[in-house]
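Single-structure report; data block below.
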Amino acid sequence: MRPITRRQLGGLALALGARASRLFAANGIDDVLRSGREQRKIPAVVAMTGTANHVTYAGAFGTRDAESGMKVGEDSIFAIASMTKAVMSAAAMQMVERGKMTLDEPASKHLPELGMLQVLEGFDGAGKALLRPAKKPVTLRHLLTHTSGFAYDTWHEAMFKFTSANGDATHVLAFEPGSNWQYGPSTFWAGRLVEAVSGMDLETYMRQNILGPLGMKDTTFVFPQAKFDRLVQRYQHQPDGSMTPAMRILPVPPPVYRGDGGLFSTAPDYMKFTQMILKKGAGPSGERILQAKTVAQMSTNGTGMIPAGRLKTQRPSQSSDVDFHVGHDDRYTLGFLMNPDAVPGARSAGSLGWAGINNTYYWIDPRRSICGVIMMQFLPFADKDAVALLSDFEHAAYVARI
């Protein structure tokens with residue numbers, strides 16, 4: 001046997017040092033998540049970080065449900081709600097790439113019902129809604145940037161008043177298209193557009209064009225009975241700090257596939273989607289999910305000078321007030337919330353991200369080639385404890401890269 005040279009010893013020391021450094025960093029993130037979950041009494045959390053090509057951290061803490069005591073794992077399945085929106089936006093942009101529709105043509109070209117929208121202008125003295133026909137057509141660009149005028153009543157006072165009086169908000173806008181930003185069911189309509197121009201239902205289209213090619217085998221609108229043991233229970237965070245569990249039952253297939261929510265997924269699956277964005281649209285084997293120029297388009301400010309991301313709740317049990325970057329004006333792209341300003345010790349300027357109402361979150365940092373996913377499963381959205389754990393996890397992930 002030949003003796004080991006000094007150079008080989010040096011290389012071995014460097015390799016062992018790098019491995020030890022990664023282990024130390026992972027242990028640090030473990031500690032942040034474990035202690036943060038226990039301190040804040042969060043039932044379950046699964047989190048991952050990665051680069052474009054590698055998963056750099058994975059951890060799972062807590063239990064699947066209140067009764068069994070079964071531990072969650074990295075492959076535990078969560079209802080990801082509005083994290084569906086980014087996947088939906090990618091599907092819509094595929095249709096643009098293929099010439100099936102454009103960003104700026106009236107969406108009513110493909111869905112005539114979107115040509116009959118009304119704008120909610122206010123209420124008369126008797127509380128009756130004042131409606132008028134929209135002056136401008138809604139476009140796919142409006143839908144993907146949430147400047148369409150569609151608004152969830154959870155975060156819009158006038159729409160909350162309208163729906164509370166049994167108003168149907170399906171074809172009612174909170175403002176003229178393109179004039180403001182408001183979070184709402186815009187990508188529900190984007191999903192309807194994809195179905196109309198592709199000739200497929202949304203589950204089939206996503207399976208064939210995004211989920212399948214990316215290997216997102218656990219992501220679906222239709223929850224399979226065979227995977228029920230992996231489904232994480234949902235909870236309601238009460239004002240006294242306690243967590244009330246919801247009944248854990250097999251989700252029934254939805255009557256309509258909603259592009260604004262409804263997917264079930266895992267942290268490893270969603271990481272594959274975020275990694276695709278970091279890889280400028282390339283899948284795990286180099287296959288094209290999106291063109292690089294499309295990802296660039298989806299990664300830039302799509303609302304101009306109109307700020308995005310701040311929401312005032314009308315339903316405190318469903319959502320807290322939302323402002324993830326206090327003191328800074330975020331923007332919305334064709335699919336993501338984007339922070340123009342860097343977050344100290346965390347994501348870079350120009351990073352992309354968003355969330356699901358049950359406190360699932362992700363971010364994509366193209367400048368530093370890092371992405372992260374953290375999944376919890378309780379209401380209200382943007383709960384202070386969930387946001388604090390997200391922040392602690394994100395900062396620990398960036399420290400681990402130094």
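Identifiers in this document derive from the order of the structure tokens: chains are assigned A, B, ..., residues are numbered from 1 separately in each chain, and ligands are numbered from 1 in order of occurrence.
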
Report as a ChimeraX atom specification all protein, DNA and RNA residues lying within 9 Å of Met271 (chain A), evaluated on only C-alpha atoms, omitting residues in the same chain fewer than 5 positions from it. /A:48-50,55,266,276,362,371-373

Please write the residues from the selection above to a file, keeping N, CA and C atoms, as a short mmCIF file (atom, residue, chain, number, x, y, z; two decimals), in the first residue's frame.
data_model
loop_
_atom_site.label_atom_id
_atom_site.label_comp_id
_atom_site.auth_asym_id
_atom_site.auth_seq_id
_atom_site.Cartn_x
_atom_site.Cartn_y
_atom_site.Cartn_z
N MET A 48 -36.87 22.60 4.69
CA MET A 48 -35.76 22.21 3.82
C MET A 48 -35.14 23.46 3.22
N THR A 49 -33.84 23.37 2.92
CA THR A 49 -33.16 24.40 2.14
C THR A 49 -32.36 23.71 1.04
N GLY A 50 -32.02 24.48 0.03
CA GLY A 50 -31.24 23.90 -1.06
C GLY A 50 -30.64 24.95 -1.96
N VAL A 55 -30.16 19.53 -2.15
CA VAL A 55 -30.80 19.83 -0.88
C VAL A 55 -29.70 19.94 0.16
N THR A 266 -45.52 18.05 -0.37
CA THR A 266 -44.51 17.82 0.66
C THR A 266 -43.39 18.85 0.50
N MET A 276 -36.30 24.48 -9.67
CA MET A 276 -36.51 24.73 -11.10
C MET A 276 -36.42 26.22 -11.41
N TYR A 362 -42.35 29.61 1.42
CA TYR A 362 -41.15 29.30 0.64
C TYR A 362 -40.49 30.61 0.22
N CYS A 371 -32.77 28.35 -1.84
CA CYS A 371 -34.22 28.32 -1.72
C CYS A 371 -34.58 27.60 -0.43
N GLY A 372 -35.74 27.89 0.07
CA GLY A 372 -36.16 27.26 1.32
C GLY A 372 -37.66 27.05 1.37
N VAL A 373 -38.07 26.02 2.07
CA VAL A 373 -39.48 25.69 2.27
C VAL A 373 -39.67 25.34 3.73
#

Which residues are near region 194-204 of chain A? Cut-off 9 Å, only C-alpha atoms, ignore same chain within fewer than 6 positions. Put them as a PDB file with C-alpha atoms, in the first residue's frame.
ATOM      1  CA  MET A  88     -50.423  27.768 -11.498  1.00  0.00           C
ATOM      2  CA  ALA A  91     -48.609  26.620 -16.067  1.00  0.00           C
ATOM      3  CA  ALA A  92     -50.105  29.829 -17.441  1.00  0.00           C
ATOM      4  CA  MET A  95     -49.388  28.540 -22.389  1.00  0.00           C
ATOM      5  CA  LYS A 100     -51.989  29.626 -26.792  1.00  0.00           C
ATOM      6  CA  MET A 101     -52.630  33.011 -25.179  1.00  0.00           C
ATOM      7  CA  HIS A 110     -60.926  32.585 -23.984  1.00  0.00           C
ATOM      8  CA  LEU A 111     -63.422  32.956 -21.099  1.00  0.00           C
ATOM      9  CA  THR A 220     -51.938  16.703  -6.302  1.00  0.00           C
ATOM     10  CA  PHE A 221     -55.429  18.191  -6.060  1.00  0.00           C
ATOM     11  CA  VAL A 222     -56.870  14.707  -5.480  1.00  0.00           C
ATOM     12  CA  TYR A 257     -59.667  22.415  -9.527  1.00  0.00           C
ATOM     13  CA  ARG A 258     -58.718  25.847  -8.239  1.00  0.00           C
ATOM     14  CA  GLY A 259     -55.529  27.448  -9.500  1.00  0.00           C
TER      15      GLY A 259
END

Which residues of region 267-341 of chain A come within 8 Å of region 179-182 of chain A, and for each one, what is the closest pair of atoms and their distance in Å to one decimal, counting only C-alpha atoms, sorted by chain and residue number, as a tab-separated table?
residue	atom	partner	partner_atom	distance
A:Thr303	CA	A:Trp181	CA	7.7
A:Ile306	CA	A:Asn180	CA	6.5
A:Pro307	CA	A:Trp181	CA	7.1
A:Ala308	CA	A:Trp181	CA	6.1

Going by DSSP on the backbone, which residues of region 220-353 of chain A come out as alpha helix (DSSP H)? List them as a list in words.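 Here is the list: Ala267, Pro268, Asp269, Tyr270, Met271, Lys272, Phe273, Thr274, Gln275, Met276, Ile277, Leu278, Ala292, Lys293, Thr294, Val295, Ala296, Gln297 and Met298 of chain A.
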
Between CA of Tyr183 (chain A) and CA of Lys136 (chain A) - distance in Å to one decimal: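 Those two atoms sit 19.0 Å apart.
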
Find the residues near Ala165 (chain A): any atom within 9 Å, counting only C-alpha atoms, skip ones fewer than 5 places away on the same chain, and give them as a PyMOL selection string. chain A and resi 127-128+160

With C-alpha atoms retained, export the selected residues as an mmCIF file, in the first residue's frame.
data_model
loop_
_atom_site.group_PDB
_atom_site.id
_atom_site.type_symbol
_atom_site.label_atom_id
_atom_site.label_comp_id
_atom_site.auth_asym_id
_atom_site.auth_seq_id
_atom_site.Cartn_x
_atom_site.Cartn_y
_atom_site.Cartn_z
ATOM 1 C CA GLY A 127 -76.130 49.400 2.546
ATOM 2 C CA LYS A 128 -76.918 48.227 -0.987
ATOM 3 C CA PHE A 160 -66.099 41.495 3.088
#

Can you measure CA of Tyr152 (chain A) to CA of Pro316 (chain A) for me? One decimal in Å is fine.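 Taking CA of Tyr152 (chain A) as the start and CA of Pro316 (chain A) as the end point, the length is 13.8 Å.
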
Surrounding residues of Ser82 (chain A) excluding itself and chain neighbours under 5 positions, 10 Å, only C-alpha atoms, as a PDB file with N, CA and C atoms, in the first residue's frame:
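Done, and the output landed in selection_25.pdb:
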ATOM      1  N   VAL A  87     -47.241  27.554  -8.853  1.00  0.00           N
ATOM      2  CA  VAL A  87     -47.278  26.454  -9.816  1.00  0.00           C
ATOM      3  C   VAL A  87     -48.274  26.784 -10.919  1.00  0.00           C
ATOM      4  N   MET A  88     -49.402  27.357 -10.527  1.00  0.00           N
ATOM      5  CA  MET A  88     -50.423  27.768 -11.498  1.00  0.00           C
ATOM      6  C   MET A  88     -49.871  28.827 -12.444  1.00  0.00           C
ATOM      7  N   PRO A 185     -58.552  35.823  -5.734  1.00  0.00           N
ATOM      8  CA  PRO A 185     -58.648  34.581  -6.504  1.00  0.00           C
ATOM      9  C   PRO A 185     -58.275  34.740  -7.975  1.00  0.00           C
ATOM     10  N   THR A 187     -55.673  33.803  -9.628  1.00  0.00           N
ATOM     11  CA  THR A 187     -55.134  32.606 -10.275  1.00  0.00           C
ATOM     12  C   THR A 187     -56.163  31.474 -10.377  1.00  0.00           C
ATOM     13  N   ARG A 258     -58.938  24.410  -8.388  1.00  0.00           N
ATOM     14  CA  ARG A 258     -58.718  25.847  -8.239  1.00  0.00           C
ATOM     15  C   ARG A 258     -57.232  26.174  -8.375  1.00  0.00           C
ATOM     16  N   GLY A 259     -56.914  27.037  -9.316  1.00  0.00           N
ATOM     17  CA  GLY A 259     -55.529  27.448  -9.500  1.00  0.00           C
ATOM     18  C   GLY A 259     -55.028  28.369  -8.426  1.00  0.00           C
ATOM     19  N   ASP A 260     -55.915  28.839  -7.544  1.00  0.00           N
ATOM     20  CA  ASP A 260     -55.479  29.721  -6.460  1.00  0.00           C
ATOM     21  C   ASP A 260     -55.284  28.969  -5.156  1.00  0.00           C
ATOM     22  N   GLY A 261     -55.529  27.665  -5.134  1.00  0.00           N
ATOM     23  CA  GLY A 261     -55.343  26.878  -3.923  1.00  0.00           C
ATOM     24  C   GLY A 261     -55.876  25.475  -4.132  1.00  0.00           C
ATOM     25  N   GLY A 262     -55.534  24.580  -3.231  1.00  0.00           N
ATOM     26  CA  GLY A 262     -56.096  23.244  -3.320  1.00  0.00           C
ATOM     27  C   GLY A 262     -55.093  22.128  -3.442  1.00  0.00           C
ATOM     28  N   LEU A 263     -53.843  22.428  -3.749  1.00  0.00           N
ATOM     29  CA  LEU A 263     -52.851  21.367  -3.868  1.00  0.00           C
ATOM     30  C   LEU A 263     -52.427  20.846  -2.494  1.00  0.00           C
ATOM     31  N   TRP A 354     -43.727  33.356  -1.365  1.00  0.00           N
ATOM     32  CA  TRP A 354     -45.109  33.529  -0.925  1.00  0.00           C
ATOM     33  C   TRP A 354     -45.425  32.394   0.033  1.00  0.00           C
ATOM     34  N   ALA A 355     -46.707  32.034   0.168  1.00  0.00           N
ATOM     35  CA  ALA A 355     -47.117  31.205   1.287  1.00  0.00           C
ATOM     36  C   ALA A 355     -48.465  30.560   1.015  1.00  0.00           C
ATOM     37  N   GLY A 356     -48.886  29.716   1.970  1.00  0.00           N
ATOM     38  CA  GLY A 356     -50.220  29.148   1.987  1.00  0.00           C
ATOM     39  C   GLY A 356     -50.886  29.495   3.302  1.00  0.00           C
ATOM     40  N   ILE A 357     -52.204  29.563   3.310  1.00  0.00           N
ATOM     41  CA  ILE A 357     -52.925  30.099   4.463  1.00  0.00           C
ATOM     42  C   ILE A 357     -52.701  29.303   5.734  1.00  0.00           C
ATOM     43  N   ASN A 358     -52.337  28.022   5.619  1.00  0.00           N
ATOM     44  CA  ASN A 358     -52.095  27.205   6.807  1.00  0.00           C
ATOM     45  C   ASN A 358     -50.674  27.353   7.336  1.00  0.00           C
ATOM     46  N   ASN A 359     -50.016  28.454   6.973  1.00  0.00           N
ATOM     47  CA  ASN A 359     -48.659  28.763   7.404  1.00  0.00           C
ATOM     48  C   ASN A 359     -47.614  27.826   6.807  1.00  0.00           C
ATOM     49  N   THR A 360     -47.726  27.653   5.501  1.00  0.00           N
ATOM     50  CA  THR A 360     -46.635  27.061   4.719  1.00  0.00           C
ATOM     51  C   THR A 360     -45.984  28.192   3.940  1.00  0.00           C
ATOM     52  N   TYR A 361     -44.652  28.179   3.841  1.00  0.00           N
ATOM     53  CA  TYR A 361     -43.913  29.298   3.239  1.00  0.00           C
ATOM     54  C   TYR A 361     -42.761  28.778   2.378  1.00  0.00           C
TER      55      TYR A 361
END

Expressed in Å, the length from CA of Ala169 (chain A) to CA of Thr145 (chain A) is 19.0 Å
